[in-house]
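Enquirer: Just work36.cif, nothing more (mmCIF, C-alpha atoms):
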data_upload
loop_
_atom_site.label_atom_id
_atom_site.label_comp_id
_atom_site.auth_asym_id
_atom_site.auth_seq_id
_atom_site.Cartn_x
_atom_site.Cartn_y
_atom_site.Cartn_z
CA MET A 845 71.49 -17.72 -89.84
CA THR A 846 68.87 -15.11 -89.02
CA GLU A 847 66.09 -17.71 -89.14
CA HIS A 848 67.48 -19.18 -85.90
CA VAL A 849 66.81 -15.92 -84.01
CA LEU A 850 63.20 -14.83 -83.71
CA SER A 851 62.95 -11.59 -81.73
CA PRO A 852 63.53 -8.25 -83.48
CA GLN A 853 66.19 -7.29 -80.93
CA GLY A 854 67.86 -10.66 -81.39
CA GLN A 855 67.82 -10.20 -85.16
CA GLN A 856 69.56 -6.84 -84.82
CA CYS A 857 72.14 -8.37 -82.49
CA LEU A 858 72.82 -11.26 -84.84
CA GLN A 859 73.27 -8.94 -87.80
CA ALA A 860 75.73 -6.82 -85.81
CA LEU A 861 77.63 -9.92 -84.71
CA MET A 862 77.88 -11.09 -88.31
CA ARG A 863 79.52 -7.76 -89.20
CA VAL A 864 82.00 -8.27 -86.35
CA TRP A 865 82.71 -11.75 -87.67
CA PHE A 866 83.50 -10.49 -91.17
CA GLU A 867 85.94 -7.98 -89.70
CA PHE A 868 87.46 -10.77 -87.59
CA GLU A 869 88.04 -12.82 -90.74
CA ARG A 870 89.89 -9.86 -92.27
CA GLN A 871 92.01 -9.53 -89.12
CA LEU A 872 92.85 -13.25 -89.22
CA GLY A 873 94.00 -12.81 -92.81
CA ARG A 874 96.69 -10.41 -91.59
CA VAL A 875 98.18 -12.84 -89.04
CA PRO A 876 101.59 -13.99 -90.40
CA LEU A 877 101.13 -17.59 -89.22
CA LEU A 878 97.83 -17.92 -91.08
CA GLN A 879 99.23 -16.16 -94.13
CA ARG A 880 101.89 -18.89 -94.33
CA LEU A 881 99.14 -21.51 -94.06
CA ASP A 882 97.22 -19.92 -96.93
CA ARG A 883 100.38 -19.81 -99.08
CA GLY A 884 101.22 -23.45 -98.40
CA GLN A 885 104.39 -22.46 -96.51
CA PHE A 886 103.23 -23.76 -93.14
CA SER A 887 105.58 -26.28 -91.50
CA LYS A 888 105.01 -28.94 -88.88
CA ALA A 889 107.13 -26.79 -86.55
CA ASP A 890 104.65 -23.94 -87.13
CA TYR A 891 101.82 -26.28 -86.24
CA CYS A 892 103.47 -27.49 -83.04
CA GLN A 893 104.11 -23.89 -82.04
CA LEU A 894 100.46 -23.06 -82.69
CA LEU A 895 99.25 -25.94 -80.51
CA LEU A 896 101.73 -25.09 -77.78
CA ASN A 897 100.37 -21.54 -77.62
CA TRP A 898 96.75 -22.57 -78.09
CA ARG A 899 96.62 -25.02 -75.20
CA GLN A 900 96.48 -22.39 -72.47
CA GLN A 901 93.56 -20.60 -74.08
CA VAL A 902 91.69 -23.92 -74.40
CA ILE A 903 92.29 -24.73 -70.73
CA GLU A 904 91.20 -21.27 -69.60
CA GLY A 905 88.09 -21.44 -71.78
CA SER A 906 86.19 -23.75 -69.44
CA ARG A 907 87.23 -21.57 -66.49
CA TRP A 908 85.77 -18.32 -67.77
CA ILE A 909 82.68 -20.08 -69.09
CA SER A 910 82.10 -21.66 -65.66
CA ARG A 911 82.67 -18.29 -63.99
CA CYS A 912 80.20 -16.73 -66.42
CA ALA A 913 77.55 -19.31 -65.52
CA SER A 914 78.02 -18.75 -61.79
CA SER A 915 77.58 -14.98 -62.22
CA PHE A 916 74.03 -15.26 -63.55
CA ASP A 917 71.37 -14.91 -60.84
CA ARG A 918 68.25 -17.00 -60.38
CA ASP A 919 66.31 -14.99 -62.96
CA TYR A 920 68.69 -16.51 -65.51
CA SER A 921 68.72 -20.08 -64.18
CA ASP A 922 67.88 -21.43 -67.64
CA VAL A 923 70.87 -19.59 -69.12
CA ARG A 924 73.11 -20.84 -66.32
CA SER A 925 72.13 -24.45 -67.10
CA VAL A 926 72.98 -24.08 -70.80
CA ILE A 927 76.36 -22.49 -70.08
CA ILE A 928 77.29 -25.04 -67.40
CA GLY A 929 76.51 -27.81 -69.89
CA HIS A 930 78.78 -26.14 -72.44
CA ALA A 931 81.64 -25.88 -69.94
CA ARG A 932 81.20 -29.53 -69.00
CA GLU A 933 81.42 -30.60 -72.65
CA GLU A 934 84.68 -28.74 -73.26
CA HIS A 935 86.60 -28.81 -69.98
CA ARG A 936 88.93 -31.64 -71.09
CA ASP A 937 89.39 -30.62 -74.72
CA TYR A 938 92.98 -29.63 -73.99
CA GLU A 939 93.86 -33.32 -73.61
CA MET A 940 92.92 -33.92 -77.25
CA LEU A 941 95.09 -30.96 -78.23
CA GLU A 942 98.00 -32.38 -76.25
CA ARG A 943 97.68 -35.70 -78.07
CA ASP A 944 97.78 -33.88 -81.42
CA TYR A 945 100.93 -32.04 -80.31
CA VAL A 946 102.69 -35.29 -79.42
CA ALA A 947 101.48 -36.98 -82.64
CA ALA A 948 102.97 -34.07 -84.61
CA GLY A 949 106.36 -34.62 -82.96
CA GLY A 950 106.14 -32.39 -79.89
CA ASN A 951 107.18 -33.25 -76.35
CA LEU A 952 104.31 -33.57 -73.87
CA THR A 953 106.26 -31.86 -71.08
CA ASP A 954 106.95 -28.84 -73.29
CA ILE A 955 103.28 -28.14 -74.00
CA GLN A 956 102.21 -28.82 -70.42
CA GLN A 957 104.77 -26.39 -69.02
CA ALA A 958 104.43 -23.61 -71.63
CA PRO A 959 103.21 -20.28 -70.20
CA ARG A 960 100.42 -18.21 -71.68
CA ASN A 961 101.61 -15.89 -74.42
CA ILE A 962 100.91 -12.15 -74.24
CA GLY A 963 97.76 -12.37 -76.31
CA THR A 964 96.40 -15.27 -74.27
CA GLU A 965 97.11 -13.36 -71.06
CA ALA A 966 95.14 -10.38 -72.36
CA LEU A 967 92.27 -12.52 -73.67
CA HIS A 968 91.98 -14.56 -70.47
CA GLY A 969 92.18 -11.48 -68.26
CA PHE A 970 89.44 -9.72 -70.21
CA LEU A 971 87.12 -12.72 -70.31
CA MET A 972 87.55 -13.54 -66.61
CA TYR A 973 86.87 -9.90 -65.72
CA ARG A 974 83.70 -9.79 -67.79
CA ALA A 975 82.62 -13.23 -66.49
CA SER A 976 82.88 -11.95 -62.91
CA GLN A 977 80.31 -9.19 -63.47
CA PRO A 978 76.68 -9.73 -62.42
CA ASN A 979 74.62 -11.31 -65.22
CA PRO A 980 77.38 -11.08 -67.88
CA VAL A 981 75.06 -11.02 -70.89
CA ASP A 982 77.81 -9.52 -73.06
CA LEU A 983 79.85 -12.74 -73.04
CA ILE A 984 77.51 -14.06 -75.69
CA GLY A 985 79.68 -11.91 -77.95
CA ALA A 986 82.84 -13.71 -76.85
CA MET A 987 81.20 -17.10 -77.41
CA TRP A 988 80.13 -15.96 -80.88
CA ILE A 989 83.76 -15.37 -81.88
CA ILE A 990 85.32 -18.42 -80.24
CA GLU A 991 82.64 -20.95 -81.15
CA GLY A 992 82.35 -19.43 -84.60
CA LEU A 993 86.04 -20.07 -85.15
CA GLY A 994 85.49 -23.75 -84.51
CA GLN A 995 82.41 -23.98 -86.70
CA LYS A 996 83.61 -21.91 -89.65
CA MET A 997 87.40 -22.31 -89.74
CA ALA A 998 88.58 -25.44 -87.92
CA ASN A 999 87.89 -28.01 -90.65
CA ASP A 1000 89.45 -25.83 -93.34
CA TRP A 1001 92.53 -25.19 -91.23
CA ALA A 1002 92.88 -28.91 -90.45
CA ALA A 1003 92.71 -29.80 -94.15
CA GLN A 1004 95.26 -27.12 -95.05
CA ILE A 1005 97.61 -28.21 -92.28
CA ASP A 1006 97.45 -31.85 -93.33
CA GLN A 1007 98.07 -30.85 -96.94
CA THR A 1008 101.06 -28.58 -96.26
CA THR A 1009 102.68 -30.93 -93.71
CA ALA A 1010 101.89 -34.21 -95.49
CA GLY A 1011 99.68 -35.24 -92.59
CA ASP A 1012 97.10 -38.02 -92.53
CA GLY A 1013 94.69 -36.46 -90.04
CA SER A 1014 96.30 -38.13 -87.05
CA TYR A 1015 97.46 -34.84 -85.52
CA THR A 1016 94.60 -32.51 -86.50
CA ARG A 1017 91.90 -34.29 -84.51
CA PHE A 1018 91.29 -31.39 -82.14
CA MET A 1019 90.44 -29.05 -85.01
CA ARG A 1020 88.34 -31.64 -86.81
CA TYR A 1021 86.41 -32.43 -83.63
CA HIS A 1022 85.48 -28.78 -83.19
CA GLY A 1023 84.65 -28.40 -86.84
CA ALA A 1024 82.18 -31.26 -86.46
CA ASN A 1025 80.70 -30.34 -83.07
CA ASP A 1026 80.66 -26.56 -82.81
CA ASP A 1027 77.63 -26.32 -85.12
CA ASP A 1028 75.52 -27.70 -82.26
CA HIS A 1029 77.07 -25.14 -79.91
CA MET A 1030 76.16 -22.38 -82.35
CA GLN A 1031 72.52 -23.52 -82.38
CA LYS A 1032 72.43 -23.07 -78.60
CA LEU A 1033 74.10 -19.70 -79.00
CA TYR A 1034 71.35 -18.48 -81.32
CA GLN A 1035 68.82 -19.35 -78.61
CA LEU A 1036 70.87 -17.46 -76.02
CA ILE A 1037 70.96 -14.38 -78.26
CA ASP A 1038 67.16 -14.37 -78.28
CA ARG A 1039 67.05 -14.87 -74.53
CA LEU A 1040 69.71 -12.37 -73.50
CA CYS A 1041 69.62 -9.53 -76.02
CA GLN A 1042 66.48 -7.68 -74.96
CA SER A 1043 67.52 -4.03 -75.02
CA PRO A 1044 69.72 -1.66 -77.07
CA ALA A 1045 72.17 -1.44 -74.15
CA GLN A 1046 72.58 -5.22 -74.05
CA LEU A 1047 73.06 -5.29 -77.82
CA THR A 1048 75.82 -2.68 -77.56
CA ALA A 1049 77.57 -4.60 -74.77
CA ILE A 1050 77.41 -7.93 -76.62
CA VAL A 1051 78.84 -6.46 -79.82
CA ARG A 1052 81.60 -4.60 -77.98
CA THR A 1053 82.70 -7.76 -76.17
CA ALA A 1054 82.69 -9.65 -79.47
CA ARG A 1055 84.95 -6.99 -81.02
CA VAL A 1056 87.38 -7.02 -78.08
CA THR A 1057 87.49 -10.83 -78.08
CA ALA A 1058 88.19 -10.89 -81.82
CA ARG A 1059 91.06 -8.44 -81.53
CA LEU A 1060 92.64 -10.22 -78.57
CA TYR A 1061 92.24 -13.60 -80.26
CA CYS A 1062 94.21 -12.27 -83.23
CA LEU A 1063 96.86 -10.92 -80.85
CA GLN A 1064 97.14 -14.39 -79.36
CA LEU A 1065 97.79 -15.86 -82.81
CA GLU A 1066 100.21 -13.08 -83.74
CA GLU A 1067 102.25 -13.83 -80.62
CA VAL A 1068 102.80 -17.45 -81.69
CA ASP A 1069 105.69 -16.24 -83.86
CA HIS A 1070 107.20 -14.30 -80.96
CA GLU A 1071 107.37 -17.08 -78.39
#
Please express the file's structure as structure tokens.

Expert:
Amino acid sequence: MTEHVLSPQGQQCLQALMRVWFEFERQLGRVPLLQRLDRGQFSKADYCQLLLNWRQQVIEGSRWISRCASSFDRDYSDVRSVIIGHAREEHRDYEMLERDYVAAGGNLTDIQQAPRNIGTEALHGFLMYRASQPNPVDLIGAMWIIEGLGQKMANDWAAQIDQTTAGDGSYTRFMRYHGANDDDHMQKLYQLIDRLCQSPAQLTAIVRTARVTARLYCLQLEEVDHE
């Protein structure tokens, strides 16, 4: 991965973000829902509950990304363009998730009316707050965690879910789509790391936001069992 980032400061940032990612993977391994998936004890009801809780975070994703783009000033117009393009690509992803939920046996009204769980509330509140700050360089750390999840985990999770629920891929399309497309998003993210991480203070802020995002994302998944 380091060959995608050229500047010395960017290299340091990427290495620090990789360490955050490895810790995030360990945190995910302690989430009961994902432990059941790994043990092959994951039911279709578990999957529907996951999608029902996930939808709100997916909807809010395009909102904080758009807010982030609007908070960059004209000195970062190139960054703003990249982030706006990303928000445009993903702003209707929740519709694919809804279709998966219905295909898995869920009721469309249930998922559309479900409130955010506690973890999603915390994650959304944090990301919107950071996105509202001037030139929110640190949100590269949040994108690293969330886009990385799609690139590194989504296809594996989809395959495991289909295996444990006797699925045929018809209700794991959202995960498979992100598994196939988030690699391109990560390439853009590497470029943004080079562009935005230009000082030790920015590196510290990016890594801290990545760590907070990782912890709150795990809280969101932990709360699936409590809803």

Enquirer: What does the distance from atom CA of A:Met987 to atom CA of A:Phe886 come to in Å, to one decimal?

Expert: 27.9 Å

Enquirer: Ranking A:His1022, A:Arg1059, A:Lys888, A:Arg924 by minimum distance to A:Ala986 and counting all atoms listed in the file, which one comes first?

Expert: A:Arg1059

Enquirer: List the residues selected by the PyMOL selection byres ((chain A and resi 1035) around 10) in the file shown, writing them as a PyMOL selection string.

Expert: chain A and resi 848-850+854+923+1030-1034+1036-1040

Enquirer: Show me, as a list in words, the residues that have an atom within 7 Å of stretch 893-905 of chain A when counting only C-alpha atoms, minus same-chain residues fewer than 5 positions from it.

Expert: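 In the requested form, the answer reads Tyr938, Leu941, Tyr945, Ile955, Ala958, Arg960, Asn961, Thr964, His968 and Val1068 of chain A.
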
Enquirer: Measuring atom to atom with all atoms listed in the file, identify which of A:Arg943, A:Gly963, A:Gly949, A:Ser925 is nearest to A:Asp1069.

Expert: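 Distance minimum relative to A:Asp1069 lands on A:Gly963.
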
Enquirer: Just give me the residues with any atom within 6 Å of (82.1, -13.8, -65.6), file coordinates, counting only C-alpha atoms, written as a VMD selection string.

Expert: chain A and resid 911 to 912 915 972 974 to 977 980

Enquirer: Keeping only C-alpha atoms, write the selected residues to a file as an mmCIF file, in the frame of the given file.

Expert:
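Listed below is the output, again21.cif:
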data_model
loop_
_atom_site.group_PDB
_atom_site.id
_atom_site.type_symbol
_atom_site.label_atom_id
_atom_site.label_comp_id
_atom_site.auth_asym_id
_atom_site.auth_seq_id
_atom_site.Cartn_x
_atom_site.Cartn_y
_atom_site.Cartn_z
ATOM 1 C CA ARG A 911 82.670 -18.290 -63.990
ATOM 2 C CA CYS A 912 80.200 -16.730 -66.420
ATOM 3 C CA SER A 915 77.580 -14.980 -62.220
ATOM 4 C CA MET A 972 87.550 -13.540 -66.610
ATOM 5 C CA ARG A 974 83.700 -9.790 -67.790
ATOM 6 C CA ALA A 975 82.620 -13.230 -66.490
ATOM 7 C CA SER A 976 82.880 -11.950 -62.910
ATOM 8 C CA GLN A 977 80.310 -9.190 -63.470
ATOM 9 C CA PRO A 980 77.380 -11.080 -67.880
#

Enquirer: Draw an axis-aligned box tight on the listed atoms of stretch 1034-1052 of chain A, then pad every side by 6 Å and write out centre and edge lengths in Å to one decimal as JSON.

Expert:
{"center_x": 74.0, "center_y": -10.4, "center_z": -77.4, "size_x": 27.1, "size_y": 29.9, "size_z": 19.8}

Enquirer: Just the number, please: distance in Å from atom CA of A:Val875 to atom CA of A:Ser887, one decimal.

Expert: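 Between atom CA of A:Val875 and atom CA of A:Ser887 the gap is 15.5 Å.
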
Enquirer: To one decimal in Å, tell me the separation between atom CA of A:Asp917 and atom CA of A:Leu861.

Expert: 25.2 Å
